[in-house]
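Chemist: After the structure tokens below, expect a handful of questions from me.
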There are 2 protein chains.
Amino acid sequence: MPDEEFLAQYDPGAYPPFAVTVDVVALTLRDGALSVLLVRRGEAPFAGAWALPGGFVQAGAETLDEAAARELAEETGLDEERGLGRVHLEQLGTYGDPGRDPRMAVVSVAYLAFAPDLPEALAGSDAADARWTPVADVPGLALAFDHAHILADGLERARSKIEYTPLATAFLRKEFTVSELRAVYEAVWGAELHAGNFHRKVLSVPGLVESTGATAEHSSTRGGPRARLYRAGDARLLHPALLRPDREDGVR
Amino acid sequence: MPDEEFLAQYDPGAYPPFAVTVDVVALTLRDGALSVLLVRRGEAPFAGAWALPGGFVQAGAETLDEAAARELAEETGLDEERGLGRVHLEQLGTYGDPGRDPRMAVVSVAYLAFAPDLPEALAGSDAADARWTPVADVPGLALAFDHAHILADGLERARSKIEYTPLATAFLRKEFTVSELRAVYEAVWGAELHAGNFHRKVLSVPGLVESTGATAEHSSTRGGPRARLYRAGDARLLHPALLRPDREDGVR
DNA sequence: TGAATAGTGTCTATCAGACATTATGTC
DNA sequence: GACATAATGTCTGATAGACACTATTCA
């Protein structure tokens with residue numbers, strides 16, 4: 001049977017129906033704290049509960065990546081011009097356990113976003129509120145659906161990803177100091193790093209950062225020389241990697 | 001509005017309909033060559049073309065992981081008893097570009113499987129044929145849908161995963177020699193490794209392998225002492241990792 | 001006997017991490 | 001002047017990789 005003939009008599013209803021959503025774990029640094037974008041749901045199910053921003057994929061009209069970017073833009077107020085281009089967005093994983101949504105069979109494709117410090121969030125169409133929330137405060141929140149699980153996976157991916165890619169720079173503005181970069185690593189890993197060793201390491205890894213020649217305006221905090229400014233380098237993978245301090249070697 | 005009331009009047013038809021499939025990139029070593037399980041499609045679309053094994057997820061009846069295990073079992077003839085338990089199965093990524101399936105909007109959740117050398121494949125219900133195919137032979141095959149893309153992603157994941165996890169052992173039987181393990185790395189990475197250094201490295205990484213005390217029956221190939229036998233160790237992450245030989249440092 | 005293999009020893013360049021030091025800012 | 005920070009220097013132990021070497025088995 002030729003394909004055309006088959007398609008003409010084809011009955012889409014014969015296949016089990018799913019709804020497909022995208023949900024975004026959007027991370028940023030606010031006041032030195034690793035924070036995630038959460039929305040307060042305006043509608044059932046889980047009305048009133050905090051959840052990851054997300055929504056239904058428009059079948060046939062957009063790719064999954066585009067759907068994730070669209071949902072993120074709706075809640076952050078960014079567009080392609082203003083900043084969205086600087087946000088790193090990657091697929092995290094897909095969650096489809098039966099019963100994860102009480103309405104019907106829903107498969108959620110989760111995305112992970114790294115964003116520089118952004119203006120306060122905007123409540124999108126179907127959200128009552130939207131807020132950047134320090135991830136340390138999330139455990140008390142009882143997120144909707146399986147979003148706590150998705151967030152945990154996203155955090156672990158983020159911790160691992162900044163080890164061997166230069167994506168920590170995606171949390172910063174275009175120009176940054178080594179100290180600011182160190183603050184990113186410390187916030188994501190939740191561990192203090194040795195300033196001197198970190199400095200030397202960052203400059204020694206090929207392609208992680210490149211110098212701008214300029215120095216920061218005023219030394220922000222409590223004195224010290226003005227720090228030099230760097231841009232993100234052109235590496236896509238770090239070699240050697242910046243390994244996080246020993247997390248119980250090997251994880252048996 | 002309470003959730004129950006909402007659910008009662010809820011109309012699933014209001015949401016864009018998707019079909020959800022799982023597709024499996026199942027890798028194994030056959031005669032020293034890294035090989036992937038392919039099926040020849042019996043029905044349109046792409047009837048007669050080779051494709052990754054997969055099928056529709058049964059909505060509400062199984063998790064995505066279970067659906068992937070079911071599809072893999074159908075094509076390999078394995079069940080929980082006979083070997084399926086030793087197969088490593090992990091989610092690879094999700095593919096949902098509009099038009100990737102000519103019939104309707106289909107989202108495919110791809111899985112990656114590492115299997116020990118298995119008996120010849122079995123054609124499942126909707127496949128005309130099933131075969132373990134050396135990945136080196138695949139480029140000439142014009143796989144159905146976007147399966148060439150999915151396979152490429154799976155291979156890259158596999159190459160990367162054996163660096164920092166002990167999953168290379170999933171390609172071998174319960175007991176194996178260091179040389180057999182080296183053959184896995186060489187097949188997956190497509191590079192020759194230094195036998196002596198590899199040997200010392202494998203034994204020095206905590207939790208990668210543990211000794212059985214036994215030695216192999218006969219030195220299989222062209223002489224040499226009988227090799228000692230090892231089991232997979234209890235590590236879930238390797239530290240330090242086994243880095244693959246320099247792939248153009250950093251990938252700019 | 002010859003050849004290939006298993007396993008170990010040695011050397012060197014590199015790297016992570018601990019620690020120290022100097023210069024430069026703020027309060 | 002007290003103090004924190006930026007940046008660099010020094011040292012040590014671990015590691016990757018090159019190479020050499022011995023012992024063991026098959027043909």
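Chain labels A, B, ... are given in the sequence in which chains occur in the structure tokens; within each chain residues are numbered consecutively from 1, and ligands are likewise numbered from 1 in the order shown.
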Do you have, as JSON lines, the list of residues of chain B lying at most 10 Å from chain C, each with its nearest atom pair and that distance in Å to one decimal, counting only C-alpha atoms (C1' of nucleotides) and ordered by chain then number?
Modeler:
{"residue": "B:Val178", "atom": "CA", "partner": "C:DA6", "partner_atom": "C1'", "distance": 9.2}
{"residue": "B:Ser179", "atom": "CA", "partner": "C:DA6", "partner_atom": "C1'", "distance": 8.8}
{"residue": "B:Ala195", "atom": "CA", "partner": "C:DA6", "partner_atom": "C1'", "distance": 9.3}
{"residue": "B:Gly196", "atom": "CA", "partner": "C:DG7", "partner_atom": "C1'", "distance": 7.5}
{"residue": "B:His199", "atom": "CA", "partner": "C:DG7", "partner_atom": "C1'", "distance": 7.8}
{"residue": "B:Arg200", "atom": "CA", "partner": "C:DT8", "partner_atom": "C1'", "distance": 8.5}
{"residue": "B:Ser219", "atom": "CA", "partner": "C:DT5", "partner_atom": "C1'", "distance": 8.3}
{"residue": "B:Ser220", "atom": "CA", "partner": "C:DT5", "partner_atom": "C1'", "distance": 9.8}
{"residue": "B:Thr221", "atom": "CA", "partner": "C:DA4", "partner_atom": "C1'", "distance": 8.5}
{"residue": "B:Arg222", "atom": "CA", "partner": "C:DA4", "partner_atom": "C1'", "distance": 5.7}
{"residue": "B:Gly223", "atom": "CA", "partner": "C:DA4", "partner_atom": "C1'", "distance": 5.8}
{"residue": "B:Gly224", "atom": "CA", "partner": "C:DT5", "partner_atom": "C1'", "distance": 4.0}
{"residue": "B:Pro225", "atom": "CA", "partner": "C:DA6", "partner_atom": "C1'", "distance": 5.7}
{"residue": "B:Arg226", "atom": "CA", "partner": "C:DA6", "partner_atom": "C1'", "distance": 7.2}
{"residue": "B:Ala227", "atom": "CA", "partner": "C:DA6", "partner_atom": "C1'", "distance": 6.1}
{"residue": "B:Arg228", "atom": "CA", "partner": "C:DA6", "partner_atom": "C1'", "distance": 8.6}
Chemist: Could you write those residues out with C-alpha atoms, as a PDB file, in the first residue's frame?
Modeler:
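Dumped everything to out08.pdb:
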ATOM      1  CA  VAL B 178      40.147  -6.482  31.616  1.00  0.00           C
ATOM      2  CA  SER B 179      40.844  -7.079  27.934  1.00  0.00           C
ATOM      3  CA  ALA B 195      46.628  -2.075  27.069  1.00  0.00           C
ATOM      4  CA  GLY B 196      49.013  -1.655  29.985  1.00  0.00           C
ATOM      5  CA  HIS B 199      44.756  -2.241  32.852  1.00  0.00           C
ATOM      6  CA  ARG B 200      46.311  -0.303  35.704  1.00  0.00           C
ATOM      7  CA  SER B 219      43.413 -17.477  26.667  1.00  0.00           C
ATOM      8  CA  SER B 220      41.032 -16.991  23.818  1.00  0.00           C
ATOM      9  CA  THR B 221      43.072 -15.570  21.007  1.00  0.00           C
ATOM     10  CA  ARG B 222      46.687 -16.112  20.120  1.00  0.00           C
ATOM     11  CA  GLY B 223      48.392 -17.038  23.342  1.00  0.00           C
ATOM     12  CA  GLY B 224      49.321 -15.229  26.490  1.00  0.00           C
ATOM     13  CA  PRO B 225      48.623 -15.993  30.126  1.00  0.00           C
ATOM     14  CA  ARG B 226      45.102 -16.719  31.326  1.00  0.00           C
ATOM     15  CA  ALA B 227      43.416 -13.466  32.261  1.00  0.00           C
ATOM     16  CA  ARG B 228      41.850 -12.897  35.678  1.00  0.00           C
TER      17      ARG B 228
END
Chemist: For chain D, report every residue with an atom at most 8 Å from chain B (counting only C-alpha atoms (C1' of nucleotides)), formatted as a list in words.
Modeler: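 Going by the stated atoms only, the list reads DG17, DA23, DT24, DT25, DC26 and DA27 of chain D.
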Chemist: What would the file look like if the residues just selected were written as a PDB file, in the first residue's frame with C-alpha atoms (C1' of nucleotides)?
Modeler:
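Okay, this is what ended up in out01.pdb:
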ATOM      1  C1'  DG D  17      50.406   8.612  29.348  1.00  0.00           C
ATOM      2  C1'  DA D  23      55.783 -14.208  32.536  1.00  0.00           C
ATOM      3  C1'  DT D  24      52.539 -17.120  30.258  1.00  0.00           C
ATOM      4  C1'  DT D  25      50.116 -19.316  26.767  1.00  0.00           C
ATOM      5  C1'  DC D  26      48.931 -20.766  21.712  1.00  0.00           C
ATOM      6  C1'  DA D  27      50.447 -22.122  17.117  1.00  0.00           C
TER       7       DA D  27
END
Chemist: Out of B:Val25, B:Ala235, B:Leu89, B:Ala68, which residue has the shortest atom-to-atom distance to chain A when counting only C-alpha atoms?
Modeler: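 Of the candidates, the smallest distance to chain A is held by B:Ala235.
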Chemist: Using backbone DSSP assignments, extract all alpha helix (DSSP H) residues from stretch 163-234 of chain B; output them as a list in words.
Modeler: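 Taking stretch 163-234 of chain B and keeping alpha helix (DSSP H) only, one gets Glu163, Tyr164, Val178, Ser179, Glu180, Leu181, Arg182, Ala183, Val184, Tyr185, Glu186, Ala187, Val188, Trp189, Ala195, Gly196, Asn197, Phe198, His199, Arg200, Lys201, Val202, Leu203 and Ser204 of chain B.
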Chemist: Return the single residue from B:Leu237, B:Leu112, B:Leu38, B:Leu141 that is closest to chain A, with distances computed using only C-alpha atoms.
Modeler: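 Closest candidate: B:Leu237.
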Chemist: Neighbouring residues of stretch 45-58 of chain A were defined as those with any atom within 7 Å, considering only C-alpha atoms (C1' of nucleotides); residues of the same chain fewer than 6 positions away were excluded. Please report them as a list in words.
Modeler: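 In the requested format, the answer is Val20, Thr21, Val22, Asp23, Val24, Val25, Leu37, Leu38, Val39, Ala67, Glu71, Leu141, Leu143, Ala144 and His147 of chain A; Asp3 and Pro16 of chain B.
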Chemist: Take atom CA of A:Phe114 and atom CA of A:Arg159 and report the distance between them in Å, one decimal.
Modeler: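 Computing it gives 11.6 Å between the two atoms.
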Chemist: Select from stretch 3-249 of chain B everything DSSP, run on the backbone, classes as strand (DSSP E or B), then give the selection as a PyMOL selection string.
Modeler: chain B and resi 18-30+33-41+50-51+54-56+88-95+106-114+127-134+176+209-215+228-232
Chemist: Tell me, in Å to one decimal, how far atom CA of B:Leu29 is from atom CA of B:Gly124.
Modeler: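 These atoms are spaced 21.4 Å apart.
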Chemist: Using only C-alpha atoms, can you tell me which of B:Ala69, B:Ala148, B:Ala241, B:Ala123 comes closest to chain A?
Modeler: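 When distances to chain A are compared using only C-alpha atoms, the smallest one comes from B:Ala241.
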